[in-house]
Structure formats: C-alpha cells, structure tokens
Amino acid sequence: MRMKQYAPAAILITAGLFFSIAGSDLAWGSLSNIGPGFFPRATSATLLGMGILTAFRPDPVMTLPVRKMLKPLVLILLSVATYGLMIDRVGLFPSVFVSMLIASMSSSGNSLVRQAVLATVIAISAWILFSYVLGLPLLFARWPL
Amino acid sequence: MNDIISNLSLGFSVAISVENLFFCFVGVFTGTLIGVIPGVGALSAVSILLPMTFYLDPTTALIMLAGIYYGAEYGGSIASILLNLPGTASSAVTCLDGYPMTQQGKAGLALFATAIASFLGGTVGIILLTALAPTLARLALAFGPTEYTAIMVLGLVAAGSMTKSSPIKGIAMILLGLLIGTVGTDVNTGVTRYTFGSLELMGGVGLIPLSMGLFGLSEIVIAASSCQPINKIAVRIRDMFPSRREFLQSIKPAFRGTAIGSFFGTLPGTGQTIAAFVSYAVEKRSSAHPQKFGTGVVEGVVAPEAANSSSALTAFIPTLTLGVPGSATMALMLGALMIHGITPGIGLVDNRPEVFWGLVASFWVGNLLLLVLNIPLISIWVRLLQVPPKYLYPIVTVLICTSVFLLNNSVFDIATLLVFGLIGWLLRILSFEPAPILIGFVLGPLLEENLGRALLISGGDLSTFWTSPISVVSLVVSVLLLAIPILRSFRRTR
C-alpha cells in the first residue's frame, strides 16, 4: 500500500528529471536575453520540486480497480496501434475492421459474429462519411504489397 | 448601445445563413451524440469532433464548433443526470441532485431544467460578452509583454489550483503542459528542443492527438473497464415540464447561478468548474432547506447549470480578447481558432468583426438550437444511452483514430495519440486531473514568448513585474491563490 501512495510523486519526479536531463544541453542565456533552455529548464526544475513536495505528503490514492483495467487498456491501445500500422498500407476498410474487432474484445460477453457485422457496418459508414461527405482522399482497401 | 446592436446584428447575419445554420445543427447533433456516451465528457467530445471542422471555412467551422460545444455539454449532462457518470468536473455538480432526481423518476424534469437554465445563462452571458468584450479588447491594447506574462501566470495558477484534486497536483499538471508545449522548434532562437532527432516533432506535439489521447482514449479505457448493464430509463416529453411550484422554485437559483457564472467566466483562468461549484454552494447556503440538497432538489440542478452556461460564454471574453482560456475546453477552442488562422486579441474584434461577432451570435444560436432540438429528441438520446457500451467504445476508438489520422495523413499522429492515451490513463489512475495540461500546453509558447520579450525590454530587470499595476495585481492574486489552498491542506494534515 505504501508504495502506491508514492506513485503520484514518482511520476512527477520522473517527468521533472526527464525534461531536466533531456534539456540540459539547452542554453540558459541571460535574464535580458533568455536562451532556449531558460523556460523549459526552469519549468522542469519546478516540476521536480512539486514532485518532491508531493512525496512529503502522499495523499490517499483513489481505489480504481487497476488490475481490472489492464485488459481494456492493452486491447484499446493495441487497437490504436494496429490502426496506425495498417491505415497507410492497406486502406480504411481493413484498418477500421481489424481495430474495431480488437477494441471490442475489451469488454466481455461479445459474440464474434455480431462484432464482425458491426465492424463491417462501421467501416463502410466511416468511408462514406470521410470520403463522400467530407471529400477526403482516402483509400478504401488495397491488397498489401 | 447602438454599437452593441450593430455588432450583434452583424453577428446574427453571419450565424443565420442557411449554410451556417446547417453546420451548427450538425454540430449540436453530433456533439450530443458523442457527449451522451457514458464516460465521454464534453471535452473529449469536442476534441473528437474538432477535426471535422478543419475542412470548413473558418467562420462556418467556428459556428459548427459552437454547436458541438453545446451539444457535447448537454449530452454530458444527460449521461450524468441519468447514470451518475459525470464526464467533466462541472457536470459532477449537476450529478449531486440530478441523479437523485432520476432515482425519484424525475429525470425528465431534471433534463428540461438543465436545458432551460443553460439557455438563460447563455443568454445573459452573451449580453455581457457583447457589452464587455470590445472594452476589454481595447484595454488589452495597454498590455505590454510584462502585463501579458503576469495575466497568463494568473490564468495558469487559477486553472491549476482550482481542480478537484490537490492544488499541488493541479499546478504540476500545468507545468507538465508547459513542458510539452516547449517540444519542437523554439520560435525565438530556432533551436529544436526535446525532439530527439525526430522530424515530426520539430513542429511540436499536435494539439488534437494530445487532447484525444489525454481525454478521449483514456476516458474510453476507464469507461470500458467499468461497463455496467444500464437500467432501462424512460423519459417522456410530457414528464419534462415542471409544475408551477417547481418552476417558481427554480427562477431565483437560475438567475443567481447566471450571475455567479458570469462573474467567474470573465476572470482569466477560472472556468466552469469553479462557477458550478460556487453556485451550488451558494444555493445550498441560501436555501430554506439546505439539508435537502443532494437528495434531488431542482434548485441543485438549475443553479450550477445556469452558472456553467453563463461562465462558458463569458469565458470567451478573456479567451478572445486576451488569449487566456478559462478552461480546458476553452483552451481547445483557442487552439482550434489558431489552427484556423485566427489570433485572439484586439485584432480579432477590429479586423475580423464578422468572425468575432459571428462566433458570439452562433453561440447563442447553438444554445437555441439545442433547446429546440434536444427537448423533442430526448427519447432518442435516452435510448442511445442504453446501447450496450461494448458496442459504443470500439466505434469511438476507431472514430478517434480516423480523425487523428486524417488531420495530416500522418501515422506519427496516431503514435502521439497512443502515447498520450497511456499517459492520460496513468495520470487518471493516480488521481491527477489531466485537463490543466491542455491549458498549460496552449498557453506555454505564448507565456515564454512574452516573458522573453518583457525581460528583453527591461534589460533583464525583474522589477518590471512590480512596476506595472496590472502585473502587480495579477501576480499578487496568483500568489494568494497558490498559498491559501496549500497552507490549508498542510494544516488539515497536521
């Protein structure tokens, strides 16, 4: 439990350190002519300070069922990643179809057939909406090379 | 007075063209459609639909955005009143009495009261906006970089310290937003920062993938994991109208809410959340039966909704004249304006009056359309609410992906979406509120630019910040805003 209480502080410290270290080669400049590093380095140092301040007074972390969320998290992110990998290779229809199937696995009790039908309908309507209504140059489908 | 009338008639002549009305209608409709999805708040709904407006001409796009904004807010209220699932902090206040009303079978009345209160608040808000905006925009002419820096600091501090979570966490989110805003090429020196050699990052992190990841995607993940079967709720139109007693009961709270909302809306950095909370607290304190608040009294719904709506409109005063948004949604709208090539400030009021007044008028038209559309259509929205979420979330996921991809036909944007979806989820489970990140992100570059300029003009002399009265007042208020809650929270823990 104690570890969990310090997670918010840890994330702020990590972010503060990340921006401090990654920005350490940016020049500070002078007060009358601030360099590219002035603003980000001052801000990240403050963020780091906030993280340390948070560590001193950990507040009770809300009890969201984190473990229960892992499955939807992984599947929805996977669905987005799949979409990104497919869209400019194979076109809109297959990308929408596959990523919808993946995303729909995030909630239980779905029949595959019903989801596949829904995915088809949505993929076609997305194409109609974006290609015809909004007139965007979109590929419907292409066999991968 | 004549000015106000001629300005508004210019605005309405822009807003009421057939094309613009049509897109406003589309905006209200789709906004409600997305906003009503359980767990998807108005902010996410606006960011999901924002890209659709990019293909329109700027004025029409803004009018559609106004429609989307109202639709999304109202859709969010439907979900929060019927299911106790607030998508935004300000609609969390509506839940306090709205959901108990649903449990007593008075959902229709609650929804009707919400729409009417929001219309009243919006109408008063627009009158104030029309009266005050030109004056404030002229006042803004007196603002040099020093004053801008100070007022932006005030806006950021106010936005960070007035979140639901602790003020330290809120400020930390603002800082994180400022830092994300520095990614890319520094406009002053041309040096690239935090790009790690990536060409795509040289132009900075995209506003839309960022907000869709932080809000849309992470909300879906959280909502999908708490999917519950939704009970059947029936709302009929004839259940919506209040009795005479209920009507009389709501008049004063609606006006008080409007006044409170208008006040907080005009202050930079304080958005709807604080207005809704304060008006609820005021109603409760001034009520003859404070113990009934939270059990489903109509005043508890009317006051915060009126405050919410009037503050949304009056928030345009600092957003459009000073460029300091009051809430994350306003920050998003500000970002959208800039994407459409419109820079807020005096130039907007003077040089593009058709855009400025057209936008103001369309906010009112959007509100009116909402009223005439959503009351008759209420049964459709309620039925939509009962579509099992397992069908809705995959649809919204691919909708998000497609609109992000289509912005620039860029797979990199999808990667950005993915990263910020994960960050948003992580922050939410650690009870951070991601909304201030967006405000910091949008204001960061402006703050840095003005800070640099202020220091350059003063020759590096920091005393420039306490020789200008506007700057002194802003900075003193910022320090107070920071100090009071932090001291109080330390005292509470001891």
# chains A, B, ... in the order shown; residues from 1 in each chain; ligands from 1
>>> interface_residues(of="chain A", to="chain B", cutoff="8 Å", atoms="only C-alpha atoms", output="ChimeraX atom specification")
/A:7-8,12,15,19,22-23,26,30-36,39-40,43-44,46-47,50-51,54,61-62,64,66,68-69,72-73,76-77,80-81,83-85,87-88,96,99-101,103-104,106-108,110,115,122,126,134
>>> write_last_selection(atoms="C-alpha atoms", output="tab-separated table (two decimals), in the first residue's frame")
chain	number	residue	atom	x	y	z
A	7	ALA	CA	3.29	6.73	-7.18
A	8	PRO	CA	1.99	10.27	-7.93
A	12	LEU	CA	6.13	13.90	-11.23
A	15	ALA	CA	8.76	13.79	-15.62
A	19	PHE	CA	12.75	17.19	-19.02
A	22	ALA	CA	16.92	15.92	-21.85
A	23	GLY	CA	17.07	19.73	-21.79
A	26	LEU	CA	19.86	23.87	-23.98
A	30	SER	CA	20.87	35.68	-19.69
A	31	LEU	CA	17.97	37.40	-17.99
A	32	SER	CA	17.97	40.17	-20.57
A	33	ASN	CA	18.10	37.67	-23.43
A	34	ILE	CA	16.75	34.31	-22.38
A	35	GLY	CA	18.03	31.29	-24.24
A	36	PRO	CA	16.05	28.29	-25.47
A	39	PHE	CA	11.90	28.39	-19.83
A	40	PRO	CA	11.93	24.57	-20.09
A	43	THR	CA	9.78	24.78	-15.53
A	44	SER	CA	11.15	21.26	-15.22
A	46	THR	CA	9.78	23.50	-10.57
A	47	LEU	CA	8.00	20.31	-11.60
A	50	MET	CA	6.46	19.76	-6.91
A	51	GLY	CA	7.17	16.04	-7.13
A	54	THR	CA	4.11	15.60	-3.12
A	61	VAL	CA	-4.71	7.22	-3.94
A	62	MET	CA	-8.20	6.59	-5.25
A	64	LEU	CA	-9.76	2.40	-9.10
A	66	VAL	CA	-6.33	-1.01	-11.79
A	68	LYS	CA	-9.45	-4.87	-13.99
A	69	MET	CA	-8.45	-2.03	-16.29
A	72	PRO	CA	-9.21	-2.85	-21.78
A	73	LEU	CA	-6.07	-0.69	-21.64
A	76	ILE	CA	-7.65	-0.43	-26.81
A	77	LEU	CA	-4.02	0.71	-27.16
A	80	VAL	CA	-5.00	2.07	-31.96
A	81	ALA	CA	-1.52	0.73	-32.76
A	83	TYR	CA	-4.88	1.07	-36.92
A	84	GLY	CA	-1.71	3.15	-37.16
A	85	LEU	CA	0.25	0.28	-38.67
A	87	ILE	CA	-4.02	2.62	-42.34
A	88	ASP	CA	-1.49	3.85	-44.89
A	96	VAL	CA	-11.24	0.04	-39.23
A	99	SER	CA	-9.04	-2.39	-34.97
A	100	MET	CA	-12.73	-2.46	-34.12
A	101	LEU	CA	-12.57	-6.21	-33.59
A	103	ALA	CA	-11.19	-2.95	-29.36
A	104	SER	CA	-14.43	-4.89	-28.96
A	106	SER	CA	-12.00	-5.23	-24.33
A	107	SER	CA	-15.44	-5.93	-22.93
A	108	SER	CA	-16.56	-9.44	-22.27
A	110	ASN	CA	-19.46	-10.25	-27.13
A	115	GLN	CA	-18.97	-7.67	-33.63
A	122	ILE	CA	-18.88	1.00	-39.18
A	126	ALA	CA	-16.68	5.69	-41.91
A	134	LEU	CA	-16.11	15.37	-46.18
>>> select_by_dssp(residues="range 255-446 of chain B", states="helix (DSSP H, G or I)", output="PyMOL selection string")
chain B and resi 255-266+272-286+290-292+299-314+316-322+328-339+346-351+353-374+378-385+389-408+411-429+435-446
>>> closest_residue(among="B:Ala336, B:Ala483, B:Leu111, B:Val93", to="Ile78 in chain B", atoms="only C-alpha atoms")
B:Leu111
>>> residues_around(residues="range 350-359 of chain B", least_positions_apart="6", cutoff="9 Å", atoms="only C-alpha atoms", output="PDB file with N, CA, C and O atoms, in the first residue's frame")
ATOM      1  N   ASN B   7     -23.251  45.458 -33.740  1.00  0.00           N
ATOM      2  CA  ASN B   7     -22.338  44.310 -33.653  1.00  0.00           C
ATOM      3  C   ASN B   7     -23.102  43.002 -33.670  1.00  0.00           C
ATOM      4  O   ASN B   7     -22.763  42.071 -34.392  1.00  0.00           O
ATOM      5  N   LEU B   8     -24.155  42.958 -32.844  1.00  0.00           N
ATOM      6  CA  LEU B   8     -24.908  41.718 -32.760  1.00  0.00           C
ATOM      7  C   LEU B   8     -25.623  41.420 -34.061  1.00  0.00           C
ATOM      8  O   LEU B   8     -25.698  40.258 -34.470  1.00  0.00           O
ATOM      9  N   SER B   9     -26.140  42.489 -34.733  1.00  0.00           N
ATOM     10  CA  SER B   9     -26.858  42.184 -35.965  1.00  0.00           C
ATOM     11  C   SER B   9     -25.885  41.698 -37.029  1.00  0.00           C
ATOM     12  O   SER B   9     -26.219  40.810 -37.813  1.00  0.00           O
ATOM     13  N   LEU B  10     -24.651  42.209 -37.010  1.00  0.00           N
ATOM     14  CA  LEU B  10     -23.628  41.672 -37.909  1.00  0.00           C
ATOM     15  C   LEU B  10     -23.403  40.190 -37.590  1.00  0.00           C
ATOM     16  O   LEU B  10     -23.381  39.338 -38.477  1.00  0.00           O
ATOM     17  N   GLY B  11     -23.276  39.914 -36.297  1.00  0.00           N
ATOM     18  CA  GLY B  11     -23.059  38.537 -35.864  1.00  0.00           C
ATOM     19  C   GLY B  11     -24.175  37.624 -36.313  1.00  0.00           C
ATOM     20  O   GLY B  11     -23.935  36.560 -36.877  1.00  0.00           O
ATOM     21  N   PHE B  12     -25.412  38.074 -36.086  1.00  0.00           N
ATOM     22  CA  PHE B  12     -26.532  37.201 -36.428  1.00  0.00           C
ATOM     23  C   PHE B  12     -26.664  37.033 -37.929  1.00  0.00           C
ATOM     24  O   PHE B  12     -27.047  35.972 -38.403  1.00  0.00           O
ATOM     25  N   SER B  13     -26.306  38.084 -38.695  1.00  0.00           N
ATOM     26  CA  SER B  13     -26.414  37.933 -40.143  1.00  0.00           C
ATOM     27  C   SER B  13     -25.428  36.874 -40.622  1.00  0.00           C
ATOM     28  O   SER B  13     -25.680  36.183 -41.602  1.00  0.00           O
ATOM     29  N   VAL B  14     -24.305  36.731 -39.905  1.00  0.00           N
ATOM     30  CA  VAL B  14     -23.348  35.681 -40.269  1.00  0.00           C
ATOM     31  C   VAL B  14     -23.867  34.318 -39.820  1.00  0.00           C
ATOM     32  O   VAL B  14     -23.864  33.348 -40.572  1.00  0.00           O
ATOM     33  N   ALA B  15     -24.357  34.285 -38.580  1.00  0.00           N
ATOM     34  CA  ALA B  15     -24.722  32.989 -37.991  1.00  0.00           C
ATOM     35  C   ALA B  15     -25.958  32.400 -38.633  1.00  0.00           C
ATOM     36  O   ALA B  15     -26.112  31.187 -38.706  1.00  0.00           O
ATOM     37  N   PRO B  58     -13.281  29.163 -42.022  1.00  0.00           N
ATOM     38  CA  PRO B  58     -13.132  29.407 -40.582  1.00  0.00           C
ATOM     39  C   PRO B  58     -14.415  29.827 -39.859  1.00  0.00           C
ATOM     40  O   PRO B  58     -14.721  29.297 -38.791  1.00  0.00           O
ATOM     41  N   THR B  59     -15.177  30.744 -40.437  1.00  0.00           N
ATOM     42  CA  THR B  59     -16.381  31.205 -39.746  1.00  0.00           C
ATOM     43  C   THR B  59     -17.369  30.059 -39.546  1.00  0.00           C
ATOM     44  O   THR B  59     -17.873  29.830 -38.444  1.00  0.00           O
ATOM     45  N   THR B  60     -17.623  29.307 -40.622  1.00  0.00           N
ATOM     46  CA  THR B  60     -18.537  28.183 -40.524  1.00  0.00           C
ATOM     47  C   THR B  60     -17.996  27.160 -39.524  1.00  0.00           C
ATOM     48  O   THR B  60     -18.756  26.589 -38.736  1.00  0.00           O
ATOM     49  N   LEU B  62     -16.171  27.675 -36.927  1.00  0.00           N
ATOM     50  CA  LEU B  62     -16.364  28.126 -35.553  1.00  0.00           C
ATOM     51  C   LEU B  62     -17.814  27.965 -35.131  1.00  0.00           C
ATOM     52  O   LEU B  62     -18.110  27.600 -33.994  1.00  0.00           O
ATOM     53  N   ILE B  63     -18.714  28.198 -36.064  1.00  0.00           N
ATOM     54  CA  ILE B  63     -20.130  28.061 -35.749  1.00  0.00           C
ATOM     55  C   ILE B  63     -20.460  26.602 -35.466  1.00  0.00           C
ATOM     56  O   ILE B  63     -21.176  26.272 -34.530  1.00  0.00           O
ATOM     57  N   ALA B  66     -19.250  25.805 -32.084  1.00  0.00           N
ATOM     58  CA  ALA B  66     -20.158  26.274 -31.044  1.00  0.00           C
ATOM     59  C   ALA B  66     -21.272  25.262 -30.841  1.00  0.00           C
ATOM     60  O   ALA B  66     -21.640  24.926 -29.709  1.00  0.00           O
ATOM     61  N   THR B 130     -21.184  40.744 -25.314  1.00  0.00           N
ATOM     62  CA  THR B 130     -21.316  41.805 -26.302  1.00  0.00           C
ATOM     63  C   THR B 130     -20.955  43.161 -25.708  1.00  0.00           C
ATOM     64  O   THR B 130     -20.326  43.994 -26.351  1.00  0.00           O
ATOM     65  N   PRO B 134     -15.598  44.384 -26.392  1.00  0.00           N
ATOM     66  CA  PRO B 134     -14.838  45.439 -27.083  1.00  0.00           C
ATOM     67  C   PRO B 134     -14.044  46.313 -26.111  1.00  0.00           C
ATOM     68  O   PRO B 134     -12.892  46.662 -26.392  1.00  0.00           O
ATOM     69  N   LEU B 320     -11.012  35.349 -26.024  1.00  0.00           N
ATOM     70  CA  LEU B 320     -10.911  36.001 -27.329  1.00  0.00           C
ATOM     71  C   LEU B 320     -10.190  37.344 -27.272  1.00  0.00           C
ATOM     72  O   LEU B 320      -9.600  37.771 -28.249  1.00  0.00           O
ATOM     73  N   ILE B 342      -6.807  32.181 -36.822  1.00  0.00           N
ATOM     74  CA  ILE B 342      -7.390  33.341 -36.152  1.00  0.00           C
ATOM     75  C   ILE B 342      -6.673  33.556 -34.830  1.00  0.00           C
ATOM     76  O   ILE B 342      -6.637  32.669 -33.984  1.00  0.00           O
TER      77      ILE B 342
END
>>> select_by_dssp(residues="range 170-408 of chain B", states="strand (DSSP E)", output="list in words")
Gly184, Thr185, Thr192 and Arg193 of chain B
>>> closest_residue(among="A:Leu136, A:Ala10, A:Leu78, A:Leu129", to="Gly49 in chain A", atoms="only C-alpha atoms")
A:Ala10
>>> closest_residue(among="A:Ile102, A:Arg89, A:Ser111, A:Ile11", to="Lys71 in chain A", atoms="only C-alpha atoms")
A:Ile102
>>> atom_distance(atom1="CA of Leu370 in chain B", atom2="CA of Gly76 in chain B")
13.1 Å
>>> atom_distance(atom1="CA of Val26 in chain B", atom2="CA of Trp381 in chain B")
15.2 Å
>>> residues_around(residues="Phe215 in chain B", least_positions_apart="6", cutoff="10 Å", atoms="only C-alpha atoms", output="NGL selection string")
:B and (40-45 or 47-48 or 87 or 209 or 420-421 or 424-425 or 428 or 434-435 or 438)
>>> residues_around(residues="range 374-377 of chain B", least_positions_apart="6", cutoff="10 Å", atoms="only C-alpha atoms", output="PyMOL selection string")
chain B and resi 28-29+32+71+74-75+108+111-112+115-116+236-237+240+368
>>> write_last_selection(atoms="all heavy atoms", output="mmCIF file, in the first residue's frame")
data_model
loop_
_atom_site.group_PDB
_atom_site.id
_atom_site.type_symbol
_atom_site.label_atom_id
_atom_site.label_comp_id
_atom_site.auth_asym_id
_atom_site.auth_seq_id
_atom_site.Cartn_x
_atom_site.Cartn_y
_atom_site.Cartn_z
ATOM 1 N N VAL B 28 -24.506 20.519 -33.155
ATOM 2 C CA VAL B 28 -25.308 20.218 -31.965
ATOM 3 C C VAL B 28 -25.644 18.730 -31.937
ATOM 4 O O VAL B 28 -25.511 18.055 -30.913
ATOM 5 C CB VAL B 28 -26.610 21.063 -31.939
ATOM 6 C CG1 VAL B 28 -27.537 20.586 -30.846
ATOM 7 C CG2 VAL B 28 -26.286 22.524 -31.734
ATOM 8 N N PHE B 29 -26.027 18.221 -33.100
ATOM 9 C CA PHE B 29 -26.462 16.829 -33.164
ATOM 10 C C PHE B 29 -25.305 15.869 -32.853
ATOM 11 O O PHE B 29 -25.410 15.024 -31.973
ATOM 12 C CB PHE B 29 -27.042 16.555 -34.551
ATOM 13 C CG PHE B 29 -27.695 15.210 -34.671
ATOM 14 C CD1 PHE B 29 -29.008 15.047 -34.245
ATOM 15 C CD2 PHE B 29 -27.011 14.129 -35.177
ATOM 16 C CE1 PHE B 29 -29.613 13.797 -34.338
ATOM 17 C CE2 PHE B 29 -27.604 12.884 -35.264
ATOM 18 C CZ PHE B 29 -28.921 12.718 -34.843
ATOM 19 N N THR B 32 -24.033 16.134 -29.217
ATOM 20 C CA THR B 32 -24.854 15.404 -28.256
ATOM 21 C C THR B 32 -24.621 13.903 -28.401
ATOM 22 O O THR B 32 -24.518 13.188 -27.416
ATOM 23 C CB THR B 32 -26.351 15.716 -28.471
ATOM 24 O OG1 THR B 32 -26.496 17.097 -28.668
ATOM 25 C CG2 THR B 32 -27.167 15.290 -27.279
ATOM 26 N N GLY B 71 -23.811 20.899 -27.790
ATOM 27 C CA GLY B 71 -24.318 19.537 -27.866
ATOM 28 C C GLY B 71 -23.572 18.638 -26.898
ATOM 29 O O GLY B 71 -24.175 17.863 -26.155
ATOM 30 N N TYR B 74 -24.489 19.295 -23.317
ATOM 31 C CA TYR B 74 -25.806 18.792 -22.972
ATOM 32 C C TYR B 74 -25.811 17.272 -22.946
ATOM 33 O O TYR B 74 -26.386 16.659 -22.054
ATOM 34 C CB TYR B 74 -26.858 19.318 -23.944
ATOM 35 C CG TYR B 74 -28.254 19.065 -23.441
ATOM 36 C CD1 TYR B 74 -28.716 19.712 -22.305
ATOM 37 C CD2 TYR B 74 -29.101 18.158 -24.064
ATOM 38 C CE1 TYR B 74 -29.975 19.471 -21.811
ATOM 39 C CE2 TYR B 74 -30.367 17.920 -23.581
ATOM 40 C CZ TYR B 74 -30.805 18.578 -22.449
ATOM 41 O OH TYR B 74 -32.046 18.328 -21.958
ATOM 42 N N GLY B 75 -25.123 16.674 -23.924
ATOM 43 C CA GLY B 75 -25.013 15.217 -23.929
ATOM 44 C C GLY B 75 -24.384 14.726 -22.633
ATOM 45 O O GLY B 75 -24.828 13.753 -22.038
ATOM 46 N N GLY B 108 -36.873 13.491 -16.417
ATOM 47 C CA GLY B 108 -37.334 14.388 -17.467
ATOM 48 C C GLY B 108 -37.280 15.825 -17.015
ATOM 49 O O GLY B 108 -36.765 16.699 -17.725
ATOM 50 N N LEU B 111 -33.720 17.091 -16.829
ATOM 51 C CA LEU B 111 -33.141 17.394 -18.137
ATOM 52 C C LEU B 111 -33.725 18.672 -18.713
ATOM 53 O O LEU B 111 -33.015 19.475 -19.323
ATOM 54 C CB LEU B 111 -33.384 16.230 -19.101
ATOM 55 C CG LEU B 111 -32.580 14.977 -18.793
ATOM 56 C CD1 LEU B 111 -33.025 13.837 -19.687
ATOM 57 C CD2 LEU B 111 -31.101 15.250 -19.003
ATOM 58 N N PHE B 112 -35.012 18.875 -18.514
ATOM 59 C CA PHE B 112 -35.662 20.081 -19.003
ATOM 60 C C PHE B 112 -35.092 21.306 -18.291
ATOM 61 O O PHE B 112 -34.715 22.296 -18.914
ATOM 62 C CB PHE B 112 -37.167 19.977 -18.761
ATOM 63 C CG PHE B 112 -37.940 21.144 -19.283
ATOM 64 C CD1 PHE B 112 -38.222 21.238 -20.637
ATOM 65 C CD2 PHE B 112 -38.399 22.138 -18.432
ATOM 66 C CE1 PHE B 112 -38.939 22.309 -21.130
ATOM 67 C CE2 PHE B 112 -39.111 23.212 -18.927
ATOM 68 C CZ PHE B 112 -39.386 23.307 -20.280
ATOM 69 N N ALA B 115 -31.726 22.232 -19.603
ATOM 70 C CA ALA B 115 -31.725 22.920 -20.897
ATOM 71 C C ALA B 115 -32.163 24.367 -20.739
ATOM 72 O O ALA B 115 -31.554 25.280 -21.311
ATOM 73 C CB ALA B 115 -32.638 22.192 -21.876
ATOM 74 N N ILE B 116 -33.213 24.593 -19.941
ATOM 75 C CA ILE B 116 -33.727 25.954 -19.790
ATOM 76 C C ILE B 116 -32.714 26.820 -19.029
ATOM 77 O O ILE B 116 -32.417 27.947 -19.423
ATOM 78 C CB ILE B 116 -35.078 25.943 -19.038
ATOM 79 C CG1 ILE B 116 -36.119 25.179 -19.842
ATOM 80 C CG2 ILE B 116 -35.540 27.363 -18.742
ATOM 81 C CD1 ILE B 116 -36.649 25.912 -21.039
ATOM 82 N N ARG B 236 -40.305 10.615 -21.008
ATOM 83 C CA ARG B 236 -41.273 11.082 -21.997
ATOM 84 C C ARG B 236 -41.315 12.601 -21.969
ATOM 85 O O ARG B 236 -41.043 13.218 -20.942
ATOM 86 C CB ARG B 236 -42.660 10.515 -21.683
ATOM 87 C CG ARG B 236 -42.769 9.032 -22.046
ATOM 88 C CD ARG B 236 -44.026 8.462 -21.470
ATOM 89 N NE ARG B 236 -44.093 8.745 -20.029
ATOM 90 C CZ ARG B 236 -45.085 8.367 -19.248
ATOM 91 N NH1 ARG B 236 -46.103 7.718 -19.742
ATOM 92 N NH2 ARG B 236 -45.071 8.645 -17.958
ATOM 93 N N ILE B 237 -41.687 13.158 -23.126
ATOM 94 C CA ILE B 237 -41.666 14.622 -23.216
ATOM 95 C C ILE B 237 -42.598 15.241 -22.188
ATOM 96 O O ILE B 237 -42.280 16.222 -21.551
ATOM 97 C CB ILE B 237 -42.030 15.076 -24.641
ATOM 98 C CG1 ILE B 237 -40.936 14.591 -25.591
ATOM 99 C CG2 ILE B 237 -42.155 16.593 -24.717
ATOM 100 C CD1 ILE B 237 -41.148 14.951 -27.015
ATOM 101 N N MET B 240 -41.419 16.125 -18.813
ATOM 102 C CA MET B 240 -40.304 17.057 -18.694
ATOM 103 C C MET B 240 -40.703 18.400 -18.107
ATOM 104 O O MET B 240 -39.870 19.117 -17.578
ATOM 105 C CB MET B 240 -39.665 17.295 -20.067
ATOM 106 C CG MET B 240 -38.960 16.068 -20.600
ATOM 107 S SD MET B 240 -38.166 16.399 -22.160
ATOM 108 C CE MET B 240 -36.640 17.119 -21.629
ATOM 109 N N LEU B 368 -29.873 27.961 -28.665
ATOM 110 C CA LEU B 368 -31.288 27.917 -29.034
ATOM 111 C C LEU B 368 -31.614 26.623 -29.777
ATOM 112 O O LEU B 368 -32.604 25.946 -29.488
ATOM 113 C CB LEU B 368 -31.621 29.121 -29.919
ATOM 114 C CG LEU B 368 -33.093 29.292 -30.265
ATOM 115 C CD1 LEU B 368 -33.870 29.704 -29.030
ATOM 116 C CD2 LEU B 368 -33.267 30.355 -31.337
#
>>> residues_around(residues="Leu92 in chain A", least_positions_apart="5", cutoff="7 Å", atoms="only C-alpha atoms", output="list in words")
Ile87, Trp127, Leu139, Phe140 and Ala141 of chain A
>>> decode(residues="range 4-17 of chain A", atoms="N, CA, C and O atoms", output="short mmCIF file (atom, residue, chain, number, x, y, z; two decimals), in the first residue's frame")
data_model
loop_
_atom_site.label_atom_id
_atom_site.label_comp_id
_atom_site.auth_asym_id
_atom_site.auth_seq_id
_atom_site.Cartn_x
_atom_site.Cartn_y
_atom_site.Cartn_z
N LYS A 4 2.16 2.46 -3.32
CA LYS A 4 1.13 3.08 -4.15
C LYS A 4 0.96 4.57 -3.82
O LYS A 4 0.75 5.38 -4.70
N GLN A 5 1.11 4.88 -2.53
CA GLN A 5 0.93 6.27 -2.10
C GLN A 5 1.96 7.19 -2.73
O GLN A 5 1.72 8.38 -2.89
N TYR A 6 3.12 6.65 -3.03
CA TYR A 6 4.19 7.48 -3.57
C TYR A 6 4.22 7.51 -5.09
O TYR A 6 5.04 8.20 -5.68
N ALA A 7 3.30 6.77 -5.71
CA ALA A 7 3.29 6.73 -7.18
C ALA A 7 3.08 8.11 -7.82
O ALA A 7 3.80 8.46 -8.75
N PRO A 8 2.14 8.94 -7.31
CA PRO A 8 1.99 10.27 -7.93
C PRO A 8 3.27 11.09 -7.83
O PRO A 8 3.68 11.73 -8.82
N ALA A 9 3.94 11.05 -6.67
CA ALA A 9 5.20 11.78 -6.52
C ALA A 9 6.23 11.24 -7.50
O ALA A 9 6.94 12.01 -8.17
N ALA A 10 6.28 9.90 -7.62
CA ALA A 10 7.27 9.28 -8.50
C ALA A 10 7.08 9.73 -9.94
O ALA A 10 8.05 10.04 -10.64
N ILE A 11 5.83 9.81 -10.36
CA ILE A 11 5.59 10.16 -11.77
C ILE A 11 5.99 11.61 -12.04
O ILE A 11 6.57 11.93 -13.08
N LEU A 12 5.74 12.50 -11.06
CA LEU A 12 6.13 13.90 -11.23
C LEU A 12 7.64 14.04 -11.24
O LEU A 12 8.21 14.79 -12.06
N ILE A 13 8.30 13.32 -10.33
CA ILE A 13 9.77 13.39 -10.27
C ILE A 13 10.36 12.86 -11.57
O ILE A 13 11.29 13.45 -12.13
N THR A 14 9.80 11.74 -12.06
CA THR A 14 10.30 11.18 -13.32
C THR A 14 10.16 12.19 -14.45
O THR A 14 11.12 12.43 -15.21
N ALA A 15 8.97 12.81 -14.54
CA ALA A 15 8.76 13.79 -15.62
C ALA A 15 9.71 14.97 -15.46
O ALA A 15 10.31 15.42 -16.44
N GLY A 16 9.87 15.45 -14.22
CA GLY A 16 10.77 16.58 -13.97
C GLY A 16 12.19 16.25 -14.36
O GLY A 16 12.87 17.03 -15.03
N LEU A 17 12.65 15.05 -13.95
CA LEU A 17 14.01 14.62 -14.28
C LEU A 17 14.19 14.46 -15.78
O LEU A 17 15.20 14.89 -16.36
#
